[in-house]
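input_10.cif follows (mmCIF, C-alpha atoms):
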data_my_file
loop_
_atom_site.label_atom_id
_atom_site.label_comp_id
_atom_site.auth_asym_id
_atom_site.auth_seq_id
_atom_site.Cartn_x
_atom_site.Cartn_y
_atom_site.Cartn_z
CA MET A 287 -15.35 -21.72 -21.94
CA ASN A 288 -13.36 -18.60 -21.13
CA MET A 289 -13.86 -19.29 -17.42
CA LEU A 290 -12.46 -22.80 -17.81
CA ILE A 291 -9.41 -21.52 -19.67
CA SER A 292 -8.77 -18.82 -17.06
CA GLU A 293 -9.09 -21.39 -14.25
CA LEU A 294 -6.64 -23.72 -15.99
CA GLN A 295 -4.20 -20.83 -16.46
CA MET A 296 -4.52 -20.04 -12.75
CA LEU A 297 -3.78 -23.67 -11.87
CA ALA A 298 -0.87 -23.84 -14.29
CA GLY A 299 0.67 -20.75 -12.72
CA ASP A 300 0.63 -22.27 -9.23
CA TRP A 301 3.79 -24.26 -8.45
CA ARG A 302 1.85 -26.47 -6.04
CA SER A 303 0.00 -27.93 -9.01
CA TRP A 304 3.22 -29.70 -9.93
CA ILE A 305 3.25 -31.32 -6.50
CA VAL A 306 -0.11 -32.84 -7.42
CA VAL A 307 1.45 -34.05 -10.69
CA ALA A 308 4.35 -35.59 -8.74
CA LEU A 309 1.94 -37.42 -6.43
CA MET A 310 0.00 -38.72 -9.42
CA ALA A 311 3.30 -39.87 -10.95
CA LEU A 312 4.04 -41.80 -7.76
CA ILE A 313 0.65 -43.50 -8.00
CA ALA A 314 1.34 -44.44 -11.63
CA VAL A 315 4.81 -45.77 -10.79
CA HIS A 316 3.36 -47.75 -7.87
CA SER A 317 0.84 -49.43 -10.16
CA ILE A 318 3.60 -50.31 -12.64
CA VAL A 319 5.82 -51.78 -9.92
CA TYR A 320 2.84 -53.63 -8.43
CA PHE A 321 2.12 -55.13 -11.87
CA PHE A 322 5.66 -56.43 -12.28
CA MET A 323 6.07 -57.58 -8.66
CA CYS A 324 2.72 -59.34 -8.18
CA PRO A 325 3.53 -63.01 -7.58
CA TYR A 326 0.09 -64.12 -8.76
CA VAL A 327 0.53 -62.44 -12.15
CA ASN A 328 3.95 -63.99 -12.64
CA GLY A 329 2.98 -67.42 -11.34
CA ARG A 330 5.57 -67.32 -8.56
CA ALA A 331 3.13 -67.28 -5.64
CA THR A 332 3.30 -70.06 -3.09
CA ILE A 333 -0.36 -70.88 -2.50
CA SER A 334 -1.21 -73.01 0.51
CA ASP A 335 -3.90 -75.67 0.58
CA THR A 336 -5.79 -73.60 3.15
CA ALA A 337 -5.80 -70.57 0.85
CA VAL A 338 -7.07 -72.70 -2.02
CA SER A 339 -9.93 -74.17 0.03
CA GLU A 340 -10.87 -70.71 1.36
CA ALA A 341 -10.82 -69.22 -2.13
CA ARG A 342 -12.99 -72.05 -3.46
CA GLY A 343 -15.39 -71.86 -0.52
CA THR A 344 -16.08 -68.15 -0.69
CA GLN A 345 -17.86 -66.21 -3.35
CA PHE A 346 -16.15 -62.91 -4.08
CA LYS A 347 -18.15 -59.87 -3.02
CA HIS A 348 -17.08 -56.34 -3.72
CA GLY A 349 -18.24 -55.31 -0.27
CA VAL A 350 -18.89 -51.95 1.25
CA ARG A 351 -15.42 -50.61 0.46
CA LEU A 352 -16.20 -50.19 -3.23
CA GLY A 353 -19.37 -48.21 -2.53
CA ILE A 354 -17.73 -45.99 0.07
CA MET A 355 -14.72 -45.31 -2.14
CA MET A 356 -16.87 -44.49 -5.16
CA VAL A 357 -19.00 -42.04 -3.17
CA ALA A 358 -15.87 -40.50 -1.65
CA GLY A 359 -14.32 -40.16 -5.11
CA ILE A 360 -17.40 -38.45 -6.52
CA VAL A 361 -17.57 -36.08 -3.54
CA LEU A 362 -13.87 -35.20 -3.87
CA THR A 363 -14.19 -34.62 -7.61
CA LEU A 364 -17.22 -32.36 -7.22
CA ALA A 365 -15.70 -30.47 -4.29
CA GLY A 366 -12.53 -29.89 -6.30
CA LEU A 367 -14.48 -28.68 -9.32
CA PHE A 368 -16.55 -26.27 -7.25
CA MET A 369 -13.44 -24.98 -5.46
CA ILE A 370 -11.69 -24.42 -8.80
CA ALA A 371 -14.73 -22.58 -10.14
CA GLU A 372 -14.78 -20.33 -7.07
CA GLY A 373 -11.01 -19.82 -7.14
CA VAL A 374 -10.62 -21.12 -3.59
CA LYS A 375 -7.19 -22.66 -2.91
CA PRO A 376 -6.59 -23.77 -6.51
CA ALA A 377 -3.80 -26.26 -5.78
CA PHE A 378 -5.81 -27.95 -3.02
CA ALA A 379 -8.86 -27.95 -5.30
CA LEU A 380 -6.83 -29.60 -8.05
CA ALA A 381 -5.55 -32.19 -5.59
CA ALA A 382 -9.10 -32.97 -4.43
CA MET A 383 -10.36 -33.22 -8.00
CA VAL A 384 -7.48 -35.46 -9.11
CA ALA A 385 -7.81 -37.67 -6.03
CA GLY A 386 -11.52 -38.06 -6.69
CA MET A 387 -10.93 -38.91 -10.33
CA VAL A 388 -8.22 -41.44 -9.47
CA ILE A 389 -10.51 -43.12 -6.93
CA THR A 390 -13.54 -43.31 -9.22
CA GLN A 391 -11.47 -44.53 -12.17
CA THR A 392 -9.29 -47.09 -10.38
CA GLU A 393 -11.30 -48.49 -7.48
CA PRO A 394 -13.47 -50.79 -9.65
CA THR A 395 -10.29 -52.12 -11.26
CA ARG A 396 -8.68 -52.70 -7.86
CA SER A 397 -11.74 -54.66 -6.83
CA MET A 398 -11.47 -56.74 -10.01
CA ILE A 399 -7.78 -57.40 -9.21
CA ARG A 400 -8.80 -58.77 -5.80
CA GLU A 401 -11.49 -60.92 -7.46
CA ASN A 402 -9.13 -62.24 -10.13
CA THR A 403 -6.44 -62.95 -7.53
CA GLN A 404 -8.95 -65.04 -5.61
CA ARG A 405 -9.75 -66.87 -8.84
CA VAL A 406 -6.05 -67.61 -9.49
CA VAL A 407 -5.69 -68.97 -5.94
CA ALA A 408 -8.81 -71.12 -6.29
CA LEU A 409 -7.57 -72.57 -9.58
CA ARG A 410 -4.13 -73.57 -8.31
CA ASP A 411 -4.75 -77.26 -8.97
CA ALA A 412 -6.76 -76.80 -12.15
CA GLU A 413 -5.62 -77.77 -15.64
CA PRO A 414 -2.74 -75.65 -16.95
CA LEU A 415 -4.90 -74.01 -19.61
CA VAL A 416 -7.52 -72.95 -17.05
CA ARG A 417 -4.83 -71.63 -14.68
CA GLU A 418 -3.21 -69.71 -17.50
CA ALA A 419 -6.54 -68.16 -18.47
CA ALA A 420 -7.07 -66.98 -14.88
CA GLN A 421 -3.56 -65.53 -14.75
CA ASN A 422 -4.10 -63.79 -18.10
CA ARG A 423 -7.29 -62.26 -16.79
CA LEU A 424 -5.46 -61.02 -13.68
CA ARG A 425 -2.61 -59.72 -15.84
CA GLY A 426 -5.10 -57.86 -18.03
CA THR A 427 -6.75 -56.26 -15.02
CA HIS A 428 -3.36 -55.12 -13.73
CA ARG A 429 -2.61 -53.64 -17.15
CA GLU A 430 -5.92 -51.80 -17.07
CA LEU A 431 -4.96 -50.23 -13.73
CA VAL A 432 -1.54 -49.21 -15.08
CA MET A 433 -3.02 -47.72 -18.25
CA THR A 434 -5.67 -45.81 -16.32
CA ASN A 435 -3.12 -44.29 -13.95
CA VAL A 436 -0.72 -43.39 -16.76
CA ALA A 437 -3.57 -41.86 -18.82
CA LEU A 438 -4.71 -39.77 -15.84
CA LEU A 439 -1.12 -38.61 -15.29
CA ALA A 440 -0.71 -37.71 -18.96
CA ALA A 441 -4.00 -35.79 -19.00
CA LEU A 442 -2.99 -33.90 -15.87
CA VAL A 443 0.45 -33.00 -17.25
CA VAL A 444 -0.98 -31.90 -20.59
CA GLY A 445 -3.74 -29.90 -18.88
CA ILE A 446 -1.26 -28.00 -16.75
CA ALA A 447 1.56 -27.69 -19.29
CA VAL A 448 -0.62 -26.37 -22.11
CA PHE A 449 -1.92 -23.49 -20.05
CA GLY A 450 1.32 -22.84 -18.13
#

Could you express the structure from this file as structure tokens?
Amino acid sequence: MNMLISELQMLAGDWRSWIVVALMALIAVHSIVYFFMCPYVNGRATISDTAVSEARGTQFKHGVRLGIMMVAGIVLTLAGLFMIAEGVKPAFALAAMVAGMVITQTEPTRSMIRENTQRVVALRDAEPLVREAAQNRLRGTHRELVMTNVALLAALVVGIAVFG
């Protein structure tokens, strides 16, 4: 436990750690803006007949991207943790660890956003209640992404500020 506290104090004393916080804040702001600007969430999207037929004709698959991103996130997180434990480039280690955590926490949600967007497109001509349910599901997934990014930012700020 003493080692963890000393490592956090070392990170808090490095000004470059706040650059990592600023980058995480940009990610959180981007997810908030994306939530408010998404035309599918707000029902302002112009969906073509071709897009509807493609969305109905294809089954959503998460694909290889999700697996690659999850493995990359785990590798970055572990590399960052080991680098912090060894005291090697603490700010870079923190950046790697935070990037890995962001990827592993948000990539499944991003995949669900793509799936729910496809569902909203496919249900363009459905009954209003069904369309609204699909939009609510997409809206909820966007909110989950926003809350995850803001929670990660808050944890990072608290972790650095407490030991600074």

Result set of the PyMOL selection byres ((chain A and resi 364-372) around 10) on the coordinates above, as a ChimeraX atom specification = /A:289-290,292-294,296-297,358-363,373-387

Might you spell out which residues the PyMOL selection byres ((chain A and resi 408) around 7) would select in the displayed file, as JSON, numbers by chain?
-> {"A": [338, 341, 342, 404, 405, 406, 407, 409, 410]}

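The spacing separating atom CA of A:Ala412 from atom CA of A:Asn328 amounts to 16.7 Å.
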
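Comparing the minimum interatomic distances between A:Glu393 and each of A:Val357, A:Leu352, A:Ala437, A:Leu424, counting only C-alpha atoms, we find that A:Leu352 sits nearest.
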
Centre and size of axis-aligned box enclosing stretch 435-444 of chain A plus 6 Å each side, as AutoDock Vina command-line options:
--center_x -2.1 --center_y -38.1 --center_z -17.3 --size_x 17.2 --size_y 24.4 --size_z 18.6

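Matched in the shown structure by the PyMOL selection byres ((chain A and resi 305-320) around 7): Arg302, Ser303, Trp304, Phe321, Phe322, Met323, Cys324, Ala381, Leu431, Val432, Asn435, Val436, Leu439, Leu442 and Val443 of chain A.
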
If you measure from atom CA of A:Asp300 to atom CA of A:Val444, what distance in Å do you get, rounded to one decimal?
-> 15.0 Å

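Between atom CA of A:Thr395 and atom CA of A:Thr434 the interatomic distance comes to 9.3 Å.
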
Would you please work out which residue, of A:Thr390, A:Asn402, A:Ser339, A:Arg396, is nearest to A:Ala419 when using all atoms listed in the file?
-> A:Asn402

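Take the candidates A:Val448, A:Glu418, A:Thr392, A:Trp301 and check each one against A:Met433 using only C-alpha atoms; the shortest distance goes to A:Thr392.
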
Could I get stretch 330-346 of chain A from the block written as a short mmCIF file (atom, residue, chain, number, x, y, z; two decimals), in the first residue's frame, with all heavy atoms?
data_model
loop_
_atom_site.label_atom_id
_atom_site.label_comp_id
_atom_site.auth_asym_id
_atom_site.auth_seq_id
_atom_site.Cartn_x
_atom_site.Cartn_y
_atom_site.Cartn_z
N ARG A 330 -33.53 13.78 -35.82
CA ARG A 330 -33.41 14.74 -36.92
C ARG A 330 -32.70 14.15 -38.14
O ARG A 330 -32.47 14.85 -39.11
CB ARG A 330 -32.63 15.96 -36.46
CG ARG A 330 -33.34 16.77 -35.40
CD ARG A 330 -32.56 18.02 -35.09
NE ARG A 330 -31.16 17.71 -34.84
CZ ARG A 330 -30.46 18.15 -33.83
NH1 ARG A 330 -31.02 18.92 -32.94
NH2 ARG A 330 -29.19 17.84 -33.68
N ALA A 331 -32.34 12.88 -38.08
CA ALA A 331 -31.59 12.26 -39.18
C ALA A 331 -32.49 12.06 -40.39
O ALA A 331 -33.65 11.69 -40.27
CB ALA A 331 -31.02 10.92 -38.74
N THR A 332 -31.92 12.32 -41.55
CA THR A 332 -32.61 12.03 -42.80
C THR A 332 -32.12 10.65 -43.24
O THR A 332 -30.96 10.48 -43.61
CB THR A 332 -32.25 13.08 -43.87
OG1 THR A 332 -32.57 14.36 -43.35
CG2 THR A 332 -33.02 12.82 -45.14
N ILE A 333 -33.00 9.68 -43.16
CA ILE A 333 -32.63 8.29 -43.42
C ILE A 333 -33.20 7.90 -44.78
O ILE A 333 -34.41 7.94 -44.99
CB ILE A 333 -33.16 7.37 -42.31
CG1 ILE A 333 -32.65 7.84 -40.94
CG2 ILE A 333 -32.76 5.93 -42.58
CD1 ILE A 333 -33.31 7.16 -39.77
N SER A 334 -32.32 7.49 -45.68
CA SER A 334 -32.75 7.11 -47.03
C SER A 334 -33.35 5.71 -47.03
O SER A 334 -33.13 4.91 -46.13
CB SER A 334 -31.56 7.18 -47.99
OG SER A 334 -30.64 6.17 -47.68
N ASP A 335 -34.10 5.44 -48.09
CA ASP A 335 -34.69 4.11 -48.25
C ASP A 335 -33.61 3.04 -48.38
O ASP A 335 -33.76 1.92 -47.88
CB ASP A 335 -35.60 4.07 -49.49
CG ASP A 335 -36.84 4.94 -49.31
OD1 ASP A 335 -37.22 5.20 -48.16
OD2 ASP A 335 -37.42 5.35 -50.33
N THR A 336 -32.52 3.38 -49.04
CA THR A 336 -31.41 2.44 -49.20
C THR A 336 -30.81 2.09 -47.84
O THR A 336 -30.52 0.92 -47.56
CB THR A 336 -30.31 3.05 -50.10
OG1 THR A 336 -30.90 3.50 -51.31
CG2 THR A 336 -29.22 2.06 -50.38
N ALA A 337 -30.62 3.11 -46.99
CA ALA A 337 -30.07 2.86 -45.66
C ALA A 337 -30.99 1.98 -44.83
O ALA A 337 -30.54 1.09 -44.10
CB ALA A 337 -29.82 4.18 -44.94
N VAL A 338 -32.29 2.19 -44.96
CA VAL A 338 -33.26 1.39 -44.23
C VAL A 338 -33.19 -0.07 -44.69
O VAL A 338 -33.14 -0.99 -43.86
CB VAL A 338 -34.69 1.94 -44.40
CG1 VAL A 338 -35.73 0.99 -43.82
CG2 VAL A 338 -34.82 3.30 -43.75
N SER A 339 -33.16 -0.29 -46.00
CA SER A 339 -33.13 -1.67 -46.50
C SER A 339 -31.81 -2.35 -46.15
O SER A 339 -31.79 -3.54 -45.83
CB SER A 339 -33.37 -1.71 -48.01
OG SER A 339 -32.35 -1.03 -48.69
N GLU A 340 -30.70 -1.61 -46.15
CA GLU A 340 -29.42 -2.19 -45.74
C GLU A 340 -29.43 -2.54 -44.26
O GLU A 340 -28.93 -3.58 -43.86
CB GLU A 340 -28.28 -1.23 -46.05
CG GLU A 340 -27.92 -1.15 -47.52
CD GLU A 340 -26.83 -0.11 -47.78
OE1 GLU A 340 -26.27 0.45 -46.81
OE2 GLU A 340 -26.56 0.14 -48.95
N ALA A 341 -29.97 -1.64 -43.45
CA ALA A 341 -30.02 -1.89 -42.01
C ALA A 341 -30.91 -3.09 -41.67
O ALA A 341 -30.60 -3.87 -40.78
CB ALA A 341 -30.52 -0.65 -41.27
N ARG A 342 -32.00 -3.23 -42.41
CA ARG A 342 -32.89 -4.38 -42.18
C ARG A 342 -32.28 -5.67 -42.68
O ARG A 342 -32.54 -6.73 -42.15
CB ARG A 342 -34.22 -4.15 -42.86
CG ARG A 342 -35.07 -3.11 -42.18
CD ARG A 342 -36.38 -2.92 -42.87
NE ARG A 342 -37.16 -1.87 -42.23
CZ ARG A 342 -38.18 -1.28 -42.78
NH1 ARG A 342 -38.58 -1.61 -43.99
NH2 ARG A 342 -38.82 -0.33 -42.12
N GLY A 343 -31.50 -5.58 -43.75
CA GLY A 343 -30.95 -6.78 -44.38
C GLY A 343 -29.68 -7.31 -43.73
O GLY A 343 -29.26 -8.42 -44.03
N THR A 344 -29.08 -6.55 -42.86
CA THR A 344 -27.84 -7.00 -42.23
C THR A 344 -28.03 -7.17 -40.74
O THR A 344 -28.63 -6.35 -40.07
CB THR A 344 -26.71 -5.97 -42.44
OG1 THR A 344 -27.22 -4.69 -42.67
CG2 THR A 344 -25.74 -6.36 -43.47
N GLN A 345 -27.45 -8.24 -40.26
CA GLN A 345 -27.44 -8.47 -38.82
C GLN A 345 -26.20 -7.80 -38.26
O GLN A 345 -25.10 -7.94 -38.81
CB GLN A 345 -27.41 -9.97 -38.51
CG GLN A 345 -27.40 -10.26 -37.04
CD GLN A 345 -27.33 -11.76 -36.76
OE1 GLN A 345 -27.24 -12.56 -37.68
NE2 GLN A 345 -27.36 -12.12 -35.50
N PHE A 346 -26.35 -7.05 -37.18
CA PHE A 346 -25.21 -6.34 -36.62
C PHE A 346 -24.23 -7.33 -36.01
O PHE A 346 -24.61 -8.22 -35.26
CB PHE A 346 -25.66 -5.34 -35.55
CG PHE A 346 -24.51 -4.55 -34.99
CD1 PHE A 346 -24.04 -3.45 -35.68
CD2 PHE A 346 -23.89 -4.92 -33.82
CE1 PHE A 346 -22.97 -2.72 -35.19
CE2 PHE A 346 -22.82 -4.20 -33.32
CZ PHE A 346 -22.37 -3.10 -34.01
#
